[in-house]
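A.B. asks: Pasting model33.txt below, which is compact mmCIF, C-alpha atoms.
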# COMPACT_ATOMS: atom_id res chain seq x y z
CA MET A 1424 114.66 33.04 13.36
CA SER A 1425 115.26 29.30 13.06
CA LEU A 1426 113.42 27.00 10.66
CA LYS A 1427 112.81 23.31 11.24
CA GLU A 1428 110.92 21.09 8.82
CA THR A 1429 107.44 22.22 9.91
CA ILE A 1430 107.88 25.14 12.32
CA ARG A 1431 109.72 28.42 12.73
CA HIS A 1432 110.89 29.59 16.14
CA TRP A 1433 112.54 32.68 17.55
CA THR A 1434 112.81 34.74 20.73
CA GLU A 1435 111.92 38.33 21.54
CA GLY A 1436 113.51 39.07 24.89
CA PRO A 1437 111.92 36.77 27.47
CA VAL A 1438 109.27 35.48 25.03
CA GLY A 1439 109.81 32.36 22.93
CA VAL A 1440 107.71 32.12 19.77
CA ILE A 1441 106.75 28.98 17.83
CA GLN A 1442 105.09 29.40 14.43
CA LEU A 1443 103.43 26.51 12.63
CA TYR A 1444 104.85 26.55 9.11
CA ARG A 1445 103.36 24.30 6.45
CA PRO A 1446 101.91 27.11 4.34
CA ASP A 1447 101.07 24.93 1.33
CA VAL A 1448 98.56 22.91 3.37
CA TYR A 1449 97.26 25.62 5.72
CA ASN A 1450 99.48 24.30 8.53
CA ALA A 1451 97.76 20.91 8.59
CA LEU A 1452 99.18 18.98 11.53
CA ASN A 1453 101.21 15.95 10.60
CA ARG A 1454 103.10 13.88 13.15
CA LYS A 1455 106.37 15.64 12.37
CA MET A 1456 104.83 19.02 13.16
CA VAL A 1457 103.41 17.81 16.48
CA ASP A 1458 106.82 16.37 17.38
CA GLU A 1459 108.59 19.61 16.52
CA VAL A 1460 106.09 21.80 18.36
CA VAL A 1461 106.28 19.71 21.53
CA GLU A 1462 110.07 19.49 21.47
CA GLN A 1463 110.38 23.27 21.03
CA LEU A 1464 107.90 23.86 23.85
CA PHE A 1465 110.21 21.93 26.16
CA VAL A 1466 113.32 23.69 24.84
CA TYR A 1467 111.73 26.97 25.91
CA ASP A 1468 110.40 25.46 29.14
CA ARG A 1469 113.96 24.50 30.15
CA ASP A 1470 115.48 27.85 29.11
CA ASP A 1471 115.81 30.16 32.13
CA THR A 1472 115.88 33.23 29.88
CA ILE A 1473 112.40 32.46 28.51
CA ARG A 1474 109.40 33.24 30.71
CA VAL A 1475 106.44 33.03 28.30
CA ILE A 1476 105.81 30.99 25.14
CA VAL A 1477 103.65 32.13 22.21
CA LEU A 1478 102.28 29.61 19.71
CA THR A 1479 100.97 30.94 16.40
CA GLY A 1480 100.32 30.13 12.76
CA SER A 1481 99.59 32.42 9.81
CA ASP A 1482 96.94 35.06 9.20
CA ARG A 1483 95.06 32.64 6.97
CA ALA A 1484 95.30 29.54 9.15
CA PHE A 1485 96.49 28.65 12.60
CA ALA A 1486 96.08 25.00 11.60
CA ALA A 1487 93.46 23.52 9.30
CA GLY A 1488 93.17 20.23 11.17
CA ALA A 1489 95.13 17.02 10.97
CA ASP A 1490 96.92 15.90 7.83
CA ILE A 1491 94.25 13.60 6.39
CA GLU A 1492 96.58 12.26 3.69
CA GLU A 1493 98.89 10.98 6.43
CA MET A 1494 96.06 9.34 8.39
CA ALA A 1495 93.79 7.99 5.64
CA ASN A 1496 95.25 4.48 5.64
CA ASP A 1497 95.71 4.11 9.40
CA ASP A 1498 93.84 1.44 11.32
CA ALA A 1499 93.13 0.87 15.02
CA VAL A 1500 96.11 -1.42 15.56
CA SER A 1501 98.60 0.87 13.80
CA LEU A 1502 97.39 3.86 15.82
CA GLU A 1503 97.63 1.93 19.07
CA LEU A 1504 101.16 0.75 18.27
CA LEU A 1505 102.13 4.26 17.18
CA ASN A 1506 100.70 5.68 20.43
CA GLN A 1507 99.25 8.48 18.32
CA PHE A 1508 98.65 10.96 21.13
CA ALA A 1509 101.71 10.45 23.36
CA GLN A 1510 103.28 13.74 22.27
CA TRP A 1511 100.00 15.58 22.79
CA ASP A 1512 99.86 14.33 26.37
CA ARG A 1513 103.32 15.78 27.05
CA MET A 1514 102.00 19.32 26.54
CA ALA A 1515 100.28 19.15 29.93
CA TYR A 1516 103.73 19.12 31.57
CA VAL A 1517 104.91 22.46 30.17
CA LYS A 1518 105.32 24.66 33.24
CA LYS A 1519 105.56 28.10 31.67
CA PRO A 1520 102.59 30.08 30.31
CA VAL A 1521 101.69 29.22 26.71
CA ILE A 1522 99.65 31.82 24.82
CA GLY A 1523 98.01 30.96 21.51
CA ALA A 1524 97.71 33.68 18.86
CA VAL A 1525 95.21 32.31 16.34
CA SER A 1526 93.70 33.56 13.10
CA GLY A 1527 91.83 32.06 10.18
CA PHE A 1528 91.18 28.34 10.14
CA VAL A 1529 91.42 26.62 13.54
CA PHE A 1530 90.02 23.20 12.66
CA GLY A 1531 90.11 19.77 14.27
CA GLY A 1532 93.58 18.99 15.53
CA GLY A 1533 94.47 22.66 15.14
CA PHE A 1534 91.60 23.53 17.46
CA GLU A 1535 92.82 20.89 19.92
CA LEU A 1536 96.31 22.38 19.79
CA ALA A 1537 94.85 25.85 20.46
CA LEU A 1538 92.88 24.47 23.42
CA ASN A 1539 96.15 23.18 24.90
CA CYS A 1540 97.30 26.78 25.30
CA ASP A 1541 96.77 28.49 28.65
CA LEU A 1542 95.40 31.66 27.03
CA LEU A 1543 94.03 32.32 23.54
CA PHE A 1544 94.14 35.63 21.68
CA ALA A 1545 92.08 35.30 18.49
CA SER A 1546 91.29 37.25 15.37
CA GLU A 1547 87.76 38.58 15.09
CA THR A 1548 87.47 36.49 11.91
CA VAL A 1549 88.77 33.26 13.48
CA ASP A 1550 87.01 30.06 12.36
CA PHE A 1551 86.88 27.49 15.17
CA ARG A 1552 85.37 24.11 14.33
CA PHE A 1553 85.63 20.36 14.82
CA PRO A 1554 84.80 18.88 11.38
CA GLU A 1555 85.89 15.32 12.23
CA VAL A 1556 82.31 14.04 12.31
CA ASN A 1557 82.04 14.77 8.58
CA LEU A 1558 84.84 12.25 8.03
CA ALA A 1559 83.06 9.68 10.22
CA VAL A 1560 85.60 10.08 13.03
CA MET A 1561 85.87 12.30 16.11
CA PRO A 1562 88.41 14.44 17.96
CA GLY A 1563 91.03 12.30 19.67
CA ALA A 1564 93.51 14.73 21.23
CA GLY A 1565 91.19 16.14 23.88
CA GLY A 1566 88.69 18.08 21.79
CA THR A 1567 85.53 16.52 23.21
CA GLN A 1568 86.81 16.95 26.75
CA ARG A 1569 88.17 20.50 26.60
CA LEU A 1570 85.30 21.89 24.56
CA THR A 1571 82.75 20.35 26.93
CA LYS A 1572 84.54 21.73 29.99
CA ALA A 1573 84.58 25.18 28.40
CA MET A 1574 81.08 25.36 26.89
CA GLY A 1575 79.04 22.77 28.76
CA LYS A 1576 77.71 19.51 27.35
CA THR A 1577 74.77 20.73 25.28
CA LYS A 1578 76.58 23.46 23.33
CA ALA A 1579 79.69 21.32 22.88
CA LEU A 1580 77.65 18.45 21.45
CA GLU A 1581 75.96 20.80 18.99
CA TYR A 1582 79.30 21.80 17.49
CA LEU A 1583 80.92 18.36 17.77
CA TRP A 1584 77.94 16.65 16.06
CA THR A 1585 77.53 19.18 13.25
CA GLY A 1586 81.07 20.37 12.58
CA ASP A 1587 79.69 23.91 12.40
CA THR A 1588 81.76 27.02 13.07
CA ILE A 1589 81.65 28.35 16.63
CA PRO A 1590 80.94 32.08 16.30
CA ALA A 1591 83.86 34.17 17.53
CA LYS A 1592 81.64 36.13 19.93
CA GLU A 1593 80.32 32.90 21.43
CA ALA A 1594 83.87 31.62 21.85
CA LEU A 1595 84.66 34.80 23.77
CA ALA A 1596 81.50 34.68 25.87
CA CYS A 1597 82.06 31.10 27.04
CA GLY A 1598 85.74 31.62 27.83
CA LEU A 1599 87.30 29.70 24.95
CA VAL A 1600 89.30 32.82 24.11
CA ASN A 1601 90.61 35.73 26.17
CA ARG A 1602 90.52 38.44 23.50
CA LEU A 1603 89.05 39.03 20.06
CA ILE A 1604 91.38 41.31 18.12
CA ALA A 1605 91.43 42.90 14.67
CA PRO A 1606 93.20 40.42 12.34
CA GLU A 1607 96.15 42.69 11.61
CA LEU A 1608 96.82 43.23 15.33
CA VAL A 1609 96.61 39.69 16.72
CA MET A 1610 100.34 39.02 16.96
CA GLU A 1611 101.15 42.56 18.12
CA GLU A 1612 98.61 42.43 20.95
CA THR A 1613 99.60 38.89 21.93
CA MET A 1614 103.27 39.82 22.16
CA LYS A 1615 102.44 42.93 24.16
CA PHE A 1616 100.56 40.81 26.70
CA ALA A 1617 103.25 38.11 26.69
CA LYS A 1618 105.95 40.66 27.52
CA ARG A 1619 103.79 42.06 30.31
CA LEU A 1620 103.31 38.55 31.71
CA ALA A 1621 107.06 37.94 31.44
CA GLU A 1622 107.59 40.71 34.01
CA GLN A 1623 105.63 38.76 36.63
CA PRO A 1624 107.48 36.55 39.15
CA PRO A 1625 108.16 33.28 37.28
CA LEU A 1626 107.76 30.91 40.23
CA ALA A 1627 104.43 32.41 41.25
CA VAL A 1628 103.19 32.27 37.63
CA ARG A 1629 104.25 28.64 37.35
CA LEU A 1630 102.58 27.54 40.59
CA ILE A 1631 99.41 29.51 39.81
CA LYS A 1632 99.19 27.62 36.49
CA GLU A 1633 99.59 24.32 38.32
CA ALA A 1634 96.85 25.18 40.81
CA ALA A 1635 94.45 26.47 38.15
CA ASN A 1636 94.89 23.29 36.10
CA LYS A 1637 94.13 21.25 39.19
CA ALA A 1638 90.91 23.25 39.65
CA VAL A 1639 89.71 22.15 36.21
CA ASP A 1640 90.27 18.44 36.70
CA GLN A 1641 90.07 17.65 40.43
CA PRO A 1642 87.56 17.98 43.29
CA LEU A 1643 87.59 21.27 45.17
CA GLN A 1644 89.30 19.95 48.30
CA GLU A 1645 92.22 18.46 46.35
CA GLY A 1646 92.66 21.74 44.50
CA MET A 1647 92.57 23.69 47.75
CA GLU A 1648 95.25 21.45 49.25
CA LEU A 1649 97.56 22.05 46.29
CA GLU A 1650 96.86 25.80 46.40
CA ARG A 1651 97.86 25.95 50.08
CA LYS A 1652 101.07 23.97 49.48
CA ASN A 1653 102.04 26.22 46.60
CA PHE A 1654 101.20 29.33 48.64
CA TYR A 1655 103.52 28.18 51.42
CA LEU A 1656 106.22 27.14 48.96
CA LEU A 1657 106.43 30.62 47.45
CA PHE A 1658 107.42 32.02 50.84
CA SER A 1659 110.75 30.22 50.41
CA SER A 1660 111.53 32.17 47.21
CA LEU A 1661 113.71 35.26 46.87
CA ASP A 1662 111.04 36.75 44.61
CA GLN A 1663 108.53 36.72 47.48
CA LYS A 1664 110.97 38.67 49.65
CA GLU A 1665 111.68 41.09 46.81
CA GLY A 1666 108.00 41.55 45.93
CA MET A 1667 106.93 42.39 49.48
CA GLN A 1668 109.96 44.56 50.16
CA ALA A 1669 109.38 46.49 46.94
CA PHE A 1670 105.77 47.03 47.97
CA LEU A 1671 106.85 48.41 51.34
CA GLU A 1672 109.47 50.63 49.71
CA LYS A 1673 106.99 51.80 47.02
CA ARG A 1674 109.20 50.76 44.09
CA LYS A 1675 108.95 48.37 41.17
CA PRO A 1676 110.09 44.83 42.07
CA ARG A 1677 112.94 43.08 40.24
CA PHE A 1678 112.01 39.43 39.94
CA THR A 1679 114.69 36.85 39.14
CA GLY A 1680 112.76 33.59 39.25
CA LYS A 1681 114.56 32.38 42.35
Would you write the structure of this file as structure tokens?
C.D. replies:
Amino acid sequence: MSLKETIRHWTEGPVGVIQLYRPDVYNALNRKMVDEVVEQLFVYDRDDTIRVIVLTGSDRAFAAGADIEEMANDDAVSLELLNQFAQWDRMAYVKKPVIGAVSGFVFGGGFELALNCDLLFASETVDFRFPEVNLAVMPGAGGTQRLTKAMGKTKALEYLWTGDTIPAKEALACGLVNRLIAPELVMEETMKFAKRLAEQPPLAVRLIKEAANKAVDQPLQEGMELERKNFYLLFSSLDQKEGMQAFLEKRKPRFTGK
């Protein structure tokens, strides 16, 4: 395990893990933490031995929002010059699957970070909320957009306007999370799934992620065009040959990511 200023990171076989680690402030996100998370995401994204990335926090808090002490004296000009969300935007370019394992407080910026993951495995006692309105501000790293796409406008506005907790069962029902898991089993179940996903052909997983992301943000025809191109592209991979040959020979395929 390696420790930076605000995160821990380690690998378990083909899975790279990033743990938010500011325990004294419930993993509140300061700019240093965002920088370190994003940089480690790209370290794993460039590492051919890593096939899946898991992002987690602690049992008590994934991340209890942004670091208000750091932001309290900011103004519009300083934020513009700082380009506050440039690092957040980079997360969209991570090619490998990112799975969030979240428990406890998932507030504000922590909720936005969780929504940047491709899949979310959550504790049954998870507390999702956007409390920014109570500070007379609003989400700025994609919260209004991603929550609305997931829940629809009317339900999203209810939670964005009130800062209330989104019930865990509602989060599951609307597709915000993939699994609700007993608190003591969240990381175990997430790692089990991550290792299963790591056995899938890496190129196909990568191009499926690209096509699915296009489906969220683009008209149907544009998404279909990308899907077709990626479908054709995979027929130039060694994994495609191996996968189909293994099927014909009734054996387990051995995917290499080539």
A.B. asks: So, counting all atoms listed in the file, which residue among A:Pro1437, A:Gly1586, A:Pro1520, A:Pro1446 is closest to Ala1559 in chain A?
C.D. replies: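 Once distances to Ala1559 in chain A are computed over all atoms listed in the file, the minimum belongs to A:Gly1586.
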A.B. asks: Contacts of Val1460 in chain A at 9 Å or less, counting only C-alpha atoms, minus same-chain residues fewer than 5 places along, as a list of chain:residue names?
C.D. replies: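 That gives A:Thr1429, A:Ile1430, A:Ile1441, A:Gln1442, A:Leu1443, A:Lys1455, A:Phe1465, A:Leu1478.
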A.B. asks: Check the smallest atom-to-atom distance from each of A:Ala1509, A:Ala1484, A:Val1525, A:Met1456 to Arg1602 in chain A using only C-alpha atoms, then report the winner.
C.D. replies: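 Closest residue, counting only C-alpha atoms: A:Val1525.
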A.B. asks: Could you tell me how far CA of Glu1648 in chain A lies from CA of Leu1626 in chain A, in Å and to one decimal?
C.D. replies: 18.1 Å
A.B. asks: Give the answer as one residue: which of A:Trp1511, A:Ala1579, A:Phe1616, A:Glu1555 has the shortest atom-to-atom distance to Ile1476 in chain A, using only C-alpha atoms?
C.D. replies: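 Of all the options, A:Phe1616 lies closest to Ile1476 in chain A.
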A.B. asks: Neighbouring residues of range 1666-1674 of chain A were defined as those with any atom within 12 Å, considering all atoms listed in the file; residues of the same chain fewer than 5 positions away were excluded. Please report them as a list in words.
C.D. replies: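 The residues satisfying every condition are Glu1622, Gln1623, Pro1624, Pro1625, Ala1627, Leu1657, Phe1658, Ser1660, Leu1661, Thr1679, Gly1680 and Lys1681 of chain A.
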A.B. asks: Of the residues A:Val1457, A:Ile1631, A:Ala1545, A:Met1514, which is the one nearest to Gly1533 in chain A, using only C-alpha atoms?
C.D. replies: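 The shortest atom-to-atom distance to Gly1533 in chain A comes from A:Val1457.
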A.B. asks: Smallest atom-to-atom distance to Gly1531 in chain A: which of A:Asn1450, A:Thr1548, A:Leu1505, A:Phe1654, using only C-alpha atoms?
C.D. replies: A:Asn1450
A.B. asks: Any idea what the distance is between CA of Val1549 in chain A and CA of Pro1606 in chain A?
C.D. replies: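 Calculated distance between CA of Val1549 in chain A and CA of Pro1606 in chain A is 8.5 Å.
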A.B. asks: With distances taken over all atoms listed in the file, which of A:Arg1651, A:Arg1569, A:Lys1519, A:Arg1474 is nearest to Ala1621 in chain A?
C.D. replies: A:Arg1474
A.B. asks: Quick one: pull the distance between CA of Gly1523 in chain A and CA of Glu1459 in chain A, Å, one decimal.
C.D. replies: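 Distance between the two atoms: 16.3 Å.
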